[in-house]
>>> print(open('run-v2.txt').read())   # compact mmCIF, C-alpha atoms
# COMPACT_ATOMS: atom_id res chain seq x y z
CA MET A 1 -84.51 -47.44 28.46
CA LEU A 2 -81.40 -47.17 30.64
CA PHE A 3 -82.28 -50.45 32.32
CA SER A 4 -82.86 -52.17 28.97
CA ARG A 5 -79.60 -50.90 27.45
CA ARG A 6 -77.60 -52.08 30.47
CA LEU A 7 -79.09 -55.55 30.27
CA MET A 8 -78.55 -55.89 26.52
CA LEU A 9 -74.80 -55.15 26.90
CA GLY A 10 -74.25 -58.29 28.93
CA LEU A 11 -77.08 -60.68 28.14
CA ALA A 12 -75.69 -62.07 24.88
CA MET A 13 -72.42 -63.22 26.43
CA ALA A 14 -73.90 -64.11 29.81
CA GLY A 15 -76.70 -66.14 28.24
CA SER A 16 -74.34 -68.22 26.15
CA LEU A 17 -72.16 -68.90 29.18
CA ALA A 18 -74.92 -69.70 31.66
CA SER A 19 -75.17 -73.42 31.00
CA ALA A 20 -71.41 -73.89 30.91
CA LEU A 21 -70.64 -71.85 34.00
CA THR A 22 -73.48 -72.83 36.29
CA GLY A 23 -73.58 -76.55 35.69
CA THR A 24 -72.87 -78.75 38.67
CA LEU A 25 -69.85 -80.95 39.10
CA ALA A 26 -70.36 -84.54 40.09
CA PHE A 27 -68.14 -85.95 42.81
CA PRO A 28 -69.08 -89.61 43.11
CA ALA A 29 -68.58 -90.98 46.57
CA LEU A 30 -66.68 -94.19 47.12
CA ALA A 31 -68.69 -97.24 48.08
CA GLY A 32 -69.99 -96.89 51.59
CA GLU A 33 -69.25 -93.17 51.80
CA GLY A 34 -71.87 -90.46 52.12
CA PRO A 35 -72.03 -87.01 50.56
CA THR A 36 -69.34 -84.39 51.12
CA GLU A 37 -70.51 -82.34 54.07
CA ILE A 38 -69.84 -78.60 54.07
CA ASP A 39 -70.84 -75.56 56.11
CA LEU A 40 -71.88 -72.20 54.68
CA PHE A 41 -71.49 -69.22 57.01
CA PHE A 42 -74.06 -66.53 56.29
CA PRO A 43 -74.86 -63.14 57.86
CA VAL A 44 -78.14 -61.25 58.06
CA PRO A 45 -77.16 -57.58 57.67
CA VAL A 46 -80.55 -56.09 56.74
CA ASP A 47 -84.24 -56.21 57.62
CA GLY A 48 -86.51 -59.03 56.58
CA LYS A 49 -86.74 -62.81 56.51
CA LEU A 50 -83.36 -63.52 54.96
CA ALA A 51 -82.53 -66.38 57.33
CA ARG A 52 -85.68 -68.26 56.38
CA ASP A 53 -85.00 -67.67 52.69
CA MET A 54 -81.49 -69.04 53.12
CA GLY A 55 -82.91 -72.19 54.68
CA SER A 56 -85.16 -72.68 51.66
CA LEU A 57 -82.27 -72.14 49.25
CA ILE A 58 -79.96 -74.65 50.94
CA LYS A 59 -82.75 -77.21 51.25
CA GLU A 60 -83.27 -77.07 47.49
CA PHE A 61 -79.54 -77.37 46.85
CA ASN A 62 -79.25 -80.47 48.98
CA GLU A 63 -82.26 -82.08 47.32
CA THR A 64 -80.77 -81.56 43.86
CA HIS A 65 -77.14 -82.37 44.74
CA PRO A 66 -77.05 -85.74 46.52
CA ASP A 67 -73.22 -85.82 46.53
CA VAL A 68 -73.04 -82.69 48.69
CA LYS A 69 -74.71 -81.90 51.99
CA ALA A 70 -74.56 -78.20 52.83
CA THR A 71 -75.50 -76.75 56.20
CA ALA A 72 -76.24 -73.04 56.52
CA VAL A 73 -74.80 -71.54 59.72
CA TYR A 74 -76.09 -68.11 60.76
CA THR A 75 -73.17 -65.94 61.90
CA GLY A 76 -74.72 -62.56 62.79
CA SER A 77 -73.72 -59.28 61.16
CA TYR A 78 -71.07 -58.78 58.50
CA ASP A 79 -68.53 -57.87 61.19
CA ASP A 80 -69.50 -60.90 63.28
CA THR A 81 -69.15 -63.16 60.26
CA LEU A 82 -65.61 -61.92 59.63
CA ILE A 83 -64.65 -62.53 63.27
CA LYS A 84 -66.10 -66.05 63.28
CA THR A 85 -64.57 -66.96 59.94
CA ARG A 86 -61.14 -65.84 61.07
CA ALA A 87 -61.47 -67.77 64.31
CA SER A 88 -62.42 -70.93 62.42
CA ILE A 89 -59.45 -70.53 60.06
CA LYS A 90 -57.09 -70.08 63.01
CA ALA A 91 -58.57 -73.18 64.67
CA GLY A 92 -57.95 -75.20 61.50
CA LYS A 93 -61.67 -75.81 60.91
CA PRO A 94 -62.80 -73.24 58.33
CA PRO A 95 -66.25 -73.47 56.73
CA ALA A 96 -66.15 -74.52 53.08
CA ALA A 97 -67.89 -71.32 51.95
CA VAL A 98 -68.85 -67.96 53.45
CA ILE A 99 -71.13 -65.13 52.35
CA MET A 100 -68.60 -62.43 53.20
CA SER A 101 -68.99 -58.66 53.09
CA ALA A 102 -67.45 -57.77 49.74
CA ASN A 103 -65.18 -55.09 51.18
CA PHE A 104 -63.47 -57.51 53.58
CA LEU A 105 -61.87 -59.54 50.78
CA LEU A 106 -58.80 -57.32 50.35
CA ASP A 107 -57.96 -57.44 54.05
CA MET A 108 -58.45 -61.22 54.10
CA GLN A 109 -56.25 -61.64 51.03
CA ILE A 110 -53.51 -59.56 52.64
CA GLU A 111 -53.71 -61.87 55.67
CA ASN A 112 -53.64 -65.03 53.47
CA GLU A 113 -57.11 -66.06 54.59
CA LEU A 114 -58.70 -66.62 51.16
CA THR A 115 -58.55 -69.32 48.52
CA ASN A 116 -57.62 -68.02 45.07
CA LEU A 117 -60.44 -69.19 42.79
CA ASP A 118 -58.52 -69.01 39.50
CA SER A 119 -57.71 -72.73 39.41
CA LEU A 120 -61.33 -73.72 40.06
CA ILE A 121 -62.46 -71.46 37.23
CA ALA A 122 -59.81 -72.93 34.90
CA ALA A 123 -60.86 -76.48 35.85
CA ASP A 124 -64.30 -75.66 34.43
CA GLY A 125 -62.67 -75.01 31.06
CA THR A 126 -63.25 -71.28 31.01
CA THR A 127 -61.32 -68.08 31.66
CA LYS A 128 -61.48 -65.51 34.43
CA GLU A 129 -62.74 -62.95 31.95
CA LYS A 130 -65.59 -65.14 30.76
CA PHE A 131 -66.48 -66.18 34.28
CA LEU A 132 -66.60 -62.59 35.52
CA GLY A 133 -68.51 -61.60 32.39
CA GLN A 134 -71.62 -63.12 33.97
CA PHE A 135 -71.69 -60.31 36.53
CA PHE A 136 -72.24 -56.56 36.34
CA PRO A 137 -68.86 -54.82 35.81
CA ALA A 138 -69.34 -52.55 38.86
CA LEU A 139 -69.08 -55.61 41.13
CA GLN A 140 -65.68 -56.76 39.96
CA GLY A 141 -63.69 -54.17 41.91
CA ASN A 142 -64.38 -55.97 45.17
CA ALA A 143 -64.03 -59.50 43.71
CA VAL A 144 -60.68 -59.26 41.89
CA ILE A 145 -57.40 -58.64 43.71
CA ASN A 146 -54.09 -58.49 41.84
CA ARG A 147 -55.86 -59.80 38.73
CA SER A 148 -57.04 -62.96 40.49
CA VAL A 149 -60.59 -63.86 41.49
CA TYR A 150 -61.15 -64.23 45.23
CA GLY A 151 -64.91 -63.75 45.50
CA VAL A 152 -68.07 -64.42 43.49
CA PRO A 153 -70.79 -61.72 43.74
CA PHE A 154 -73.86 -63.15 45.47
CA HIS A 155 -76.13 -60.50 46.92
CA ASN A 156 -75.27 -56.92 46.24
CA SER A 157 -76.72 -53.54 46.93
CA THR A 158 -76.52 -49.84 46.41
CA PRO A 159 -77.98 -47.26 48.79
CA LEU A 160 -81.35 -45.83 47.72
CA LEU A 161 -83.50 -42.89 48.68
CA TYR A 162 -86.85 -44.18 49.96
CA ILE A 163 -89.79 -41.74 49.89
CA ASN A 164 -93.23 -42.03 51.51
CA ALA A 165 -95.20 -41.01 48.42
CA ASP A 166 -98.40 -40.31 50.35
CA LYS A 167 -96.68 -37.90 52.72
CA ALA A 168 -94.90 -36.25 49.80
CA LYS A 169 -98.21 -35.55 48.09
CA GLN A 170 -99.66 -34.19 51.34
CA ALA A 171 -96.74 -31.72 51.40
CA ALA A 172 -97.45 -30.68 47.78
CA LEU A 173 -94.37 -32.55 46.54
CA ASP A 174 -94.37 -34.80 43.48
CA PRO A 175 -92.97 -38.26 44.37
CA SER A 176 -92.63 -39.09 40.67
CA LYS A 177 -90.02 -36.32 40.50
CA PRO A 178 -87.80 -37.10 43.50
CA PRO A 179 -85.04 -34.73 44.66
CA GLN A 180 -81.96 -34.88 42.45
CA THR A 181 -79.55 -32.75 44.50
CA TRP A 182 -78.66 -32.21 48.14
CA ALA A 183 -80.29 -28.77 47.96
CA GLU A 184 -83.53 -30.28 46.69
CA LEU A 185 -83.39 -33.04 49.31
CA THR A 186 -82.89 -30.46 52.07
CA ASP A 187 -85.91 -28.54 50.80
CA TRP A 188 -88.02 -31.70 50.70
CA ALA A 189 -86.91 -32.67 54.21
CA LYS A 190 -87.92 -29.24 55.54
CA LYS A 191 -91.38 -29.52 53.99
CA LEU A 192 -91.84 -33.08 55.23
CA THR A 193 -90.82 -32.39 58.84
CA LYS A 194 -93.76 -31.84 61.18
CA ARG A 195 -93.69 -30.31 64.65
CA GLU A 196 -96.02 -29.77 67.55
CA GLY A 197 -94.34 -26.93 69.37
CA ASP A 198 -90.75 -28.02 70.01
CA LYS A 199 -91.59 -31.69 69.50
CA VAL A 200 -90.94 -33.30 66.12
CA THR A 201 -93.75 -35.67 65.17
CA GLN A 202 -92.42 -36.52 61.72
CA TRP A 203 -88.82 -36.33 60.55
CA GLY A 204 -88.11 -35.27 57.00
CA ILE A 205 -85.31 -37.76 56.54
CA THR A 206 -83.23 -40.32 58.44
CA ILE A 207 -79.85 -41.77 57.48
CA PRO A 208 -78.43 -44.75 59.40
CA CYS A 209 -75.26 -44.39 61.44
CA ALA A 210 -74.09 -47.41 63.39
CA TYR A 211 -71.01 -49.55 62.94
CA ASP A 212 -70.74 -50.76 59.33
CA TYR A 213 -73.71 -48.78 57.99
CA CYS A 214 -72.20 -45.44 59.02
CA GLY A 215 -69.02 -45.98 57.03
CA TRP A 216 -71.05 -46.96 53.96
CA MET A 217 -73.19 -43.86 54.27
CA MET A 218 -70.12 -41.66 54.62
CA GLU A 219 -68.69 -43.21 51.46
CA THR A 220 -72.04 -42.62 49.72
CA LEU A 221 -72.17 -38.94 50.66
CA THR A 222 -68.47 -38.36 50.00
CA MET A 223 -68.68 -39.93 46.55
CA SER A 224 -71.76 -37.89 45.64
CA ASN A 225 -69.75 -34.86 46.76
CA GLY A 226 -67.03 -35.65 44.23
CA GLY A 227 -64.65 -37.47 46.56
CA ARG A 228 -63.04 -40.82 47.28
CA TYR A 229 -63.16 -42.69 50.57
CA TYR A 230 -59.97 -44.66 49.94
CA ASN A 231 -57.26 -45.46 47.40
CA GLU A 232 -58.83 -48.12 45.19
CA GLU A 233 -55.39 -49.26 44.00
CA PHE A 234 -53.67 -49.59 47.36
CA GLY A 235 -54.87 -50.82 50.76
CA GLY A 236 -52.89 -48.36 52.86
CA GLU A 237 -54.61 -45.01 52.26
CA VAL A 238 -57.94 -43.44 53.20
CA TYR A 239 -59.10 -39.88 52.55
CA TYR A 240 -60.95 -38.70 55.64
CA ASP A 241 -59.54 -35.22 56.12
CA THR A 242 -60.50 -33.89 52.67
CA PRO A 243 -62.83 -31.16 51.36
CA SER A 244 -65.20 -33.73 49.81
CA MET A 245 -65.66 -35.66 53.06
CA LEU A 246 -65.82 -32.48 55.11
CA GLY A 247 -68.62 -31.18 52.91
CA ALA A 248 -70.44 -34.50 53.18
CA LEU A 249 -70.28 -34.65 56.97
CA SER A 250 -71.11 -30.94 57.27
CA TRP A 251 -74.28 -31.41 55.21
CA TRP A 252 -75.34 -34.45 57.25
CA ASN A 253 -74.68 -32.51 60.45
CA ASP A 254 -76.65 -29.52 59.11
CA LEU A 255 -79.68 -31.76 58.56
CA VAL A 256 -79.49 -32.56 62.28
CA SER A 257 -78.36 -29.37 64.01
CA LYS A 258 -79.16 -26.52 61.61
CA HIS A 259 -82.25 -27.55 59.70
CA LYS A 260 -83.49 -29.99 62.39
CA VAL A 261 -85.06 -32.31 59.83
CA HIS A 262 -83.06 -35.41 60.82
CA PRO A 263 -83.08 -37.00 64.30
CA PRO A 264 -79.98 -36.29 66.40
CA GLY A 265 -77.55 -39.01 67.34
CA ALA A 266 -76.41 -42.19 65.66
CA THR A 267 -79.35 -44.29 64.44
CA PRO A 268 -78.97 -48.02 63.58
CA GLY A 269 -80.33 -49.29 60.27
CA PRO A 270 -83.27 -51.24 61.77
CA ALA A 271 -84.39 -48.15 63.69
CA VAL A 272 -84.33 -46.14 60.45
CA SER A 273 -86.52 -48.63 58.58
CA THR A 274 -88.86 -49.00 61.56
CA SER A 275 -89.31 -45.24 61.71
CA PHE A 276 -90.04 -45.11 57.99
CA ILE A 277 -92.54 -47.99 58.09
CA ALA A 278 -94.28 -46.42 61.11
CA GLY A 279 -94.64 -43.11 59.29
CA ASN A 280 -92.34 -41.29 61.71
CA ALA A 281 -89.88 -40.46 58.93
CA ALA A 282 -90.98 -39.40 55.45
CA MET A 283 -87.70 -40.27 53.69
CA MET A 284 -84.70 -42.45 54.41
CA MET A 285 -81.43 -43.51 52.83
CA LEU A 286 -81.05 -47.28 53.10
CA SER A 287 -79.80 -50.32 51.22
CA THR A 288 -81.79 -51.87 48.42
CA GLY A 289 -81.39 -54.99 50.55
CA SER A 290 -84.25 -53.60 52.66
CA LEU A 291 -86.55 -53.19 49.66
CA THR A 292 -88.51 -56.42 50.12
CA TYR A 293 -89.02 -55.60 53.81
CA VAL A 294 -90.40 -52.18 52.88
CA ARG A 295 -92.56 -53.60 50.09
CA GLU A 296 -94.11 -56.20 52.39
CA ASN A 297 -94.63 -53.95 55.43
CA ALA A 298 -95.37 -50.42 54.22
CA LYS A 299 -99.05 -49.52 54.56
CA PHE A 300 -98.59 -46.59 52.22
CA ASN A 301 -97.38 -45.85 48.71
CA TYR A 302 -93.64 -45.37 48.44
CA LYS A 303 -91.01 -44.57 45.84
CA VAL A 304 -87.31 -45.33 45.57
CA ALA A 305 -84.83 -43.11 43.78
CA PHE A 306 -81.14 -42.52 43.10
CA ILE A 307 -79.10 -41.01 45.91
CA PRO A 308 -79.11 -37.23 45.29
CA ARG A 309 -75.84 -35.55 44.35
CA ASN A 310 -73.99 -32.43 45.36
CA VAL A 311 -71.14 -32.64 42.82
CA ARG A 312 -71.85 -35.87 40.91
CA ASN A 313 -74.03 -38.96 40.90
CA ALA A 314 -72.04 -41.78 42.49
CA VAL A 315 -72.71 -44.58 44.97
CA PRO A 316 -70.68 -47.43 46.47
CA ILE A 317 -71.41 -51.10 45.95
CA GLY A 318 -72.51 -52.94 49.07
CA GLY A 319 -73.49 -56.48 49.92
CA ALA A 320 -71.56 -59.71 49.91
CA SER A 321 -69.60 -62.21 47.85
CA LEU A 322 -69.19 -65.95 48.22
CA ILE A 323 -65.69 -66.99 49.22
CA ILE A 324 -63.78 -70.16 50.07
CA PRO A 325 -61.56 -69.55 53.12
CA ALA A 326 -57.94 -70.67 53.18
CA GLY A 327 -57.30 -74.15 54.55
CA VAL A 328 -60.37 -75.90 53.13
CA GLU A 329 -59.68 -79.50 52.08
CA ALA A 330 -59.70 -80.28 48.35
CA ASP A 331 -62.94 -82.32 48.35
CA LYS A 332 -64.74 -79.65 50.35
CA GLN A 333 -63.33 -76.96 48.04
CA LYS A 334 -64.89 -78.72 45.06
CA ALA A 335 -68.19 -79.13 46.88
CA ALA A 336 -68.15 -75.47 47.89
CA TRP A 337 -67.46 -74.46 44.29
CA THR A 338 -70.49 -76.48 43.17
CA LEU A 339 -72.60 -74.66 45.77
CA ILE A 340 -71.20 -71.24 44.83
CA LYS A 341 -71.89 -71.67 41.12
CA TRP A 342 -75.41 -72.92 41.81
CA MET A 343 -76.21 -70.02 44.17
CA THR A 344 -74.96 -67.45 41.66
CA SER A 345 -76.63 -68.99 38.59
CA PRO A 346 -79.17 -66.80 36.75
CA GLU A 347 -82.19 -68.64 38.17
CA LYS A 348 -81.06 -68.72 41.80
CA SER A 349 -79.62 -65.21 41.64
CA ALA A 350 -82.99 -63.99 40.37
CA TRP A 351 -84.89 -65.91 43.06
CA TRP A 352 -82.69 -64.52 45.84
CA SER A 353 -83.15 -60.98 44.51
CA ARG A 354 -86.93 -61.33 44.48
CA ALA A 355 -86.91 -62.81 47.98
CA THR A 356 -84.61 -60.28 49.65
CA GLY A 357 -84.50 -57.02 47.69
CA TYR A 358 -80.79 -57.24 46.86
CA PHE A 359 -80.22 -56.85 43.15
CA ALA A 360 -79.11 -59.93 41.24
CA PRO A 361 -75.41 -59.70 40.34
CA ASN A 362 -75.75 -62.20 37.47
CA ILE A 363 -76.79 -60.17 34.41
CA ALA A 364 -78.70 -63.08 32.85
CA ALA A 365 -80.96 -63.25 35.93
CA TYR A 366 -82.91 -60.35 34.46
CA LYS A 367 -83.79 -62.39 31.37
CA THR A 368 -85.41 -65.25 33.28
CA PRO A 369 -89.20 -65.37 32.82
CA ASP A 370 -89.95 -65.09 36.53
CA MET A 371 -87.73 -62.02 36.86
CA VAL A 372 -89.22 -60.33 33.78
CA ASP A 373 -92.67 -60.85 35.28
CA PHE A 374 -91.52 -59.66 38.71
CA LEU A 375 -90.01 -56.43 37.37
CA GLY A 376 -93.19 -55.73 35.44
CA LYS A 377 -95.11 -55.84 38.72
CA ASN A 378 -92.37 -54.26 40.89
CA PRO A 379 -90.55 -51.58 38.88
CA ASP A 380 -88.96 -50.28 42.10
CA ALA A 381 -86.55 -53.25 41.89
CA LYS A 382 -84.98 -51.72 38.77
CA THR A 383 -83.62 -48.62 40.51
CA ALA A 384 -80.59 -50.18 42.16
CA VAL A 385 -79.59 -51.86 38.89
CA GLU A 386 -79.95 -48.64 36.93
CA GLN A 387 -77.79 -46.91 39.55
CA LEU A 388 -74.94 -49.31 38.70
CA ASP A 389 -73.99 -46.91 35.90
CA VAL A 390 -72.55 -44.64 38.62
CA ALA A 391 -71.51 -47.31 41.15
CA LYS A 392 -67.95 -47.79 42.36
CA PRO A 393 -66.24 -50.32 44.67
CA TRP A 394 -66.91 -50.47 48.40
CA PHE A 395 -64.06 -49.18 50.60
CA ALA A 396 -61.51 -51.93 51.18
CA THR A 397 -58.22 -51.53 53.02
CA TYR A 398 -55.81 -53.29 55.30
CA LYS A 399 -57.64 -53.72 58.62
CA THR A 400 -60.89 -52.61 56.99
CA VAL A 401 -63.04 -52.80 60.12
CA PRO A 402 -60.74 -50.85 62.50
CA VAL A 403 -60.00 -48.26 59.80
CA ARG A 404 -63.71 -47.87 59.16
CA LYS A 405 -64.44 -47.57 62.87
CA ASN A 406 -61.79 -44.83 63.18
CA LEU A 407 -64.14 -42.73 61.04
CA GLU A 408 -67.45 -44.01 62.42
CA ASP A 409 -66.54 -43.17 66.01
CA GLU A 410 -65.92 -39.55 65.01
CA VAL A 411 -69.04 -39.25 62.84
CA MET A 412 -71.16 -40.46 65.75
CA LEU A 413 -69.66 -37.76 67.96
CA VAL A 414 -70.62 -35.13 65.37
CA LEU A 415 -74.21 -36.38 65.05
CA ASN A 416 -74.46 -36.40 68.84
CA GLY A 417 -73.40 -32.75 68.95
CA LYS A 418 -70.09 -33.42 70.71
CA LYS A 419 -67.67 -32.46 67.91
CA GLN A 420 -67.59 -30.27 64.82
CA PRO A 421 -67.04 -31.97 61.44
CA LYS A 422 -63.52 -30.66 60.75
CA GLU A 423 -62.25 -31.56 64.21
CA ALA A 424 -63.73 -35.04 63.89
CA LEU A 425 -62.25 -35.75 60.47
CA VAL A 426 -58.78 -34.62 61.50
CA ALA A 427 -58.98 -37.07 64.43
CA ALA A 428 -60.34 -39.84 62.19
CA GLN A 429 -57.53 -39.39 59.68
CA LYS A 430 -54.89 -39.47 62.40
CA ALA A 431 -56.32 -42.65 63.92
CA ALA A 432 -56.68 -44.36 60.54
CA ASP A 433 -53.12 -43.48 59.54
CA GLU A 434 -51.91 -45.07 62.76
CA THR A 435 -53.97 -48.23 62.08
CA LEU A 436 -52.58 -48.46 58.54
CA LYS A 437 -48.99 -47.78 59.63
CA PRO A 438 -47.79 -51.42 59.85
CA TYR A 439 -49.03 -52.21 56.35
CA ASN A 440 -47.48 -49.09 54.86
CA ALA A 441 -44.18 -49.87 56.59
CA GLU A 442 -44.06 -53.20 54.73
CA THR A 443 -45.30 -51.87 51.38
CA SER A 444 -45.29 -48.25 50.23
CA LEU A 445 -42.65 -47.08 52.72
CA LYS A 446 -40.37 -50.07 52.26
CA VAL A 447 -38.15 -48.56 49.62
CA PRO A 448 -34.94 -50.11 48.26
>>> encode(input="run-v2.txt", output="structure tokens")
Amino acid sequence: MLFSRRLMLGLAMAGSLASALTGTLAFPALAGEGPTEIDLFFPVPVDGKLARDMGSLIKEFNETHPDVKATAVYTGSYDDTLIKTRASIKAGKPPAAVIMSANFLLDMQIENELTNLDSLIAADGTTKEKFLGQFFPALQGNAVINRSVYGVPFHNSTPLLYINADKAKQAALDPSKPPQTWAELTDWAKKLTKREGDKVTQWGITIPCAYDYCGWMMETLTMSNGGRYYNEEFGGEVYYDTPSMLGALSWWNDLVSKHKVHPPGATPGPAVSTSFIAGNAAMMMLSTGSLTYVRENAKFNYKVAFIPRNVRNAVPIGGASLIIPAGVEADKQKAAWTLIKWMTSPEKSAWWSRATGYFAPNIAAYKTPDMVDFLGKNPDAKTAVEQLDVAKPWFATYKTVPVRKNLEDEVMLVLNGKKQPKEALVAAQKAADETLKPYNAETSLKVP
């Protein structure tokens, strides 16, 4: 019912706009000239066959748009993609479009590295409000900066709790009634952890902690503990040394050191999913972007559920938006805009969601016949969309990556048993404040 109500709120408007907003623009070439050639930078941040799927998507685009020739260029992780995009802008040869981590847009806008998309939207004869109305409201916080559109949601995620249903039943737990709170999750993890003497043969739960993923998980836990990771209205403040984040990190650390139901140390995302698929971990917190990988590789029954709460139900948005970097020539801008609208149309958004596990940001995608059929056969794909009721923007600041790493470095020390949570968060706050200092000096502290 929740899923149906959410869809009905946006389908009427989104459906009426679909043909107007996702149509292609024709850019006839002059005699003797070929199609406008553009590059699309794309990362692969999660498990699965995303690179192959991207190849299929771009092949179809080129076959149906003879005036544009797009080339997909794999650029590594989200962080790698940001580095390579910035280098190409500095060299004066930016790609026409990039699938960019949604929380990097604010930092790029501050550094004048993005194209404002308002004029391209207006050229289509529509408004920003109508254009954004295609997409779930929770996604707009990372796409709109100073009331202008700088990114178009493409593949998005929320973190999910994945449960090995077979192992849950073996432990006399009901996977159809997953844990709702941290206390319940701790109890489940204790019952699902198996030992042979001092050796753990099955972990109750694993949560990823490596650069990028670790910051997202800390935002997830802090939000579900009632807190905020950063100031959503201003890029110069983060809230690391706070009761809500201290409680979040303390609970995560307790899973490791006190309850011993979570492996020690910092564990990368792929290692978490591999452990879950192999049956070495009975539960995991991971992106919905890994859902297709789990569905295709798990040799057991599984369930996905909302992230449990301590104070409230809340999760951050994850995933990426399509952007046009600064410095792209006008003809390539127009070609990139054609590609962006096509990739985010209801049909292609739905196809990409089915292929990868990311939820489709375009509301009307869930009305397409193929998607209706898919959800009937794969109800687990509804969970991330239903969780959008409690979703909030992904942390975005000046110098997002260094500020995030200021926290991640300290969290890793805690999970490795080298620091206590309070000590680590005090150090993280101090380091982040120092990183943010130049921006604050030119904004909030620059008083008349």
>>> closest_residue(input="run-v2.txt", among="A:Leu120, A:Ala168, A:Ala305, A:Leu139", to="Ile317 in chain A", atoms="all atoms listed in the file")
A:Leu139
>>> atom_distance(input="run-v2.txt", atom1="CA of Val385 in chain A", atom2="CA of Ile307 in chain A")
12.9 Å
>>> closest_residue(input="run-v2.txt", among="A:Glu347, A:Glu442, A:Asp380, A:Glu423", to="Ile163 in chain A", atoms="all atoms listed in the file")
A:Asp380
>>> residues_near_point(input="run-v2.txt", point="(-64.0, -64.3, 39.9)", cutoff="7 Å", atoms="only C-alpha atoms", output="PDB file with C-alpha atoms, in the frame of the given file")
ATOM      1  CA  LEU A 117     -60.440 -69.190  42.790  1.00  0.00           C
ATOM      2  CA  LYS A 128     -61.480 -65.510  34.430  1.00  0.00           C
ATOM      3  CA  PHE A 131     -66.480 -66.180  34.280  1.00  0.00           C
ATOM      4  CA  LEU A 132     -66.600 -62.590  35.520  1.00  0.00           C
ATOM      5  CA  ALA A 143     -64.030 -59.500  43.710  1.00  0.00           C
ATOM      6  CA  VAL A 144     -60.680 -59.260  41.890  1.00  0.00           C
ATOM      7  CA  VAL A 149     -60.590 -63.860  41.490  1.00  0.00           C
ATOM      8  CA  TYR A 150     -61.150 -64.230  45.230  1.00  0.00           C
ATOM      9  CA  GLY A 151     -64.910 -63.750  45.500  1.00  0.00           C
ATOM     10  CA  VAL A 152     -68.070 -64.420  43.490  1.00  0.00           C
TER      11      VAL A 152
END
>>> atom_distance(input="run-v2.txt", atom1="CA of Leu114 in chain A", atom2="CA of Asp80 in chain A")
17.2 Å
>>> residues_around(input="run-v2.txt", residues="range 332-339 of chain A", least_positions_apart="5", cutoff="12 Å", atoms="all atoms listed in the file", output="PyMOL selection string")
chain A and resi 21-29+35-41+57-62+64-72+93-99+114-121+123-124+151-152+154+322-327+344-345+348
>>> residues_around(input="run-v2.txt", residues="Ser275 in chain A", least_positions_apart="3", cutoff="10 Å", atoms="only C-alpha atoms", output="JSON, numbers by chain")
{"A": [202, 203, 205, 206, 269, 270, 271, 272, 278, 279, 280, 281, 282, 283, 284]}
>>> closest_residue(input="run-v2.txt", among="A:Gly376, A:Gly204, A:Pro243, A:Gly318", to="Phe395 in chain A", atoms="all atoms listed in the file")
A:Gly318
>>> axis_aligned_box(input="run-v2.txt", around="range 66-69 of chain A", padding_each_side="8 Å", output="AutoDock Vina command-line options")
--center_x -75.0 --center_y -83.9 --center_z 49.3 --size_x 20.0 --size_y 19.9 --size_z 21.5
>>> closest_residue(input="run-v2.txt", among="A:Tyr229, A:Phe135, A:Tyr74, A:Tyr439", to="Met245 in chain A", atoms="all atoms listed in the file")
A:Tyr229
>>> atom_distance(input="run-v2.txt", atom1="CA of Tyr398 in chain A", atom2="CA of Gly235 in chain A")
5.3 Å
>>> closest_residue(input="run-v2.txt", among="A:Ser321, A:Ser224, A:Ser56, A:Ser257", to="Pro153 in chain A", atoms="all atoms listed in the file")
A:Ser321
>>> closest_residue(input="run-v2.txt", among="A:Arg228, A:Lys130, A:Lys446, A:Lys167", to="Tyr302 in chain A", atoms="all atoms listed in the file")
A:Lys167
>>> residues_around(input="run-v2.txt", residues="Asp241 in chain A", least_positions_apart="4", cutoff="9 Å", atoms="all atoms listed in the file", output="list in words")
Met245, Leu246, Lys422, Ala424, Leu425, Val426, Ala427, Ala428, Gln429 and Lys430 of chain A
>>> build_atoms(input="run-v2.txt", residues="range 345-350 of chain A", atoms="N, CA, C and O atoms", output="mmCIF file, in the coordinates of the input")
data_model
loop_
_atom_site.group_PDB
_atom_site.id
_atom_site.type_symbol
_atom_site.label_atom_id
_atom_site.label_comp_id
_atom_site.auth_asym_id
_atom_site.auth_seq_id
_atom_site.Cartn_x
_atom_site.Cartn_y
_atom_site.Cartn_z
ATOM 1 N N SER A 345 -76.085 -68.754 39.921
ATOM 2 C CA SER A 345 -76.630 -68.990 38.590
ATOM 3 C C SER A 345 -77.750 -67.982 38.310
ATOM 4 O O SER A 345 -78.306 -67.378 39.242
ATOM 5 N N PRO A 346 -78.115 -67.771 37.051
ATOM 6 C CA PRO A 346 -79.170 -66.800 36.750
ATOM 7 C C PRO A 346 -80.477 -67.067 37.504
ATOM 8 O O PRO A 346 -81.083 -66.140 38.054
ATOM 9 N N GLU A 347 -80.897 -68.334 37.541
ATOM 10 C CA GLU A 347 -82.190 -68.640 38.170
ATOM 11 C C GLU A 347 -82.163 -68.405 39.670
ATOM 12 O O GLU A 347 -83.106 -67.810 40.235
ATOM 13 N N LYS A 348 -81.110 -68.877 40.336
ATOM 14 C CA LYS A 348 -81.060 -68.720 41.800
ATOM 15 C C LYS A 348 -80.734 -67.282 42.184
ATOM 16 O O LYS A 348 -81.218 -66.771 43.203
ATOM 17 N N SER A 349 -79.906 -66.623 41.391
ATOM 18 C CA SER A 349 -79.620 -65.210 41.640
ATOM 19 C C SER A 349 -80.897 -64.388 41.537
ATOM 20 O O SER A 349 -81.153 -63.488 42.351
ATOM 21 N N ALA A 350 -81.717 -64.706 40.546
ATOM 22 C CA ALA A 350 -82.990 -63.990 40.370
ATOM 23 C C ALA A 350 -83.937 -64.279 41.533
ATOM 24 O O ALA A 350 -84.613 -63.373 42.044
#
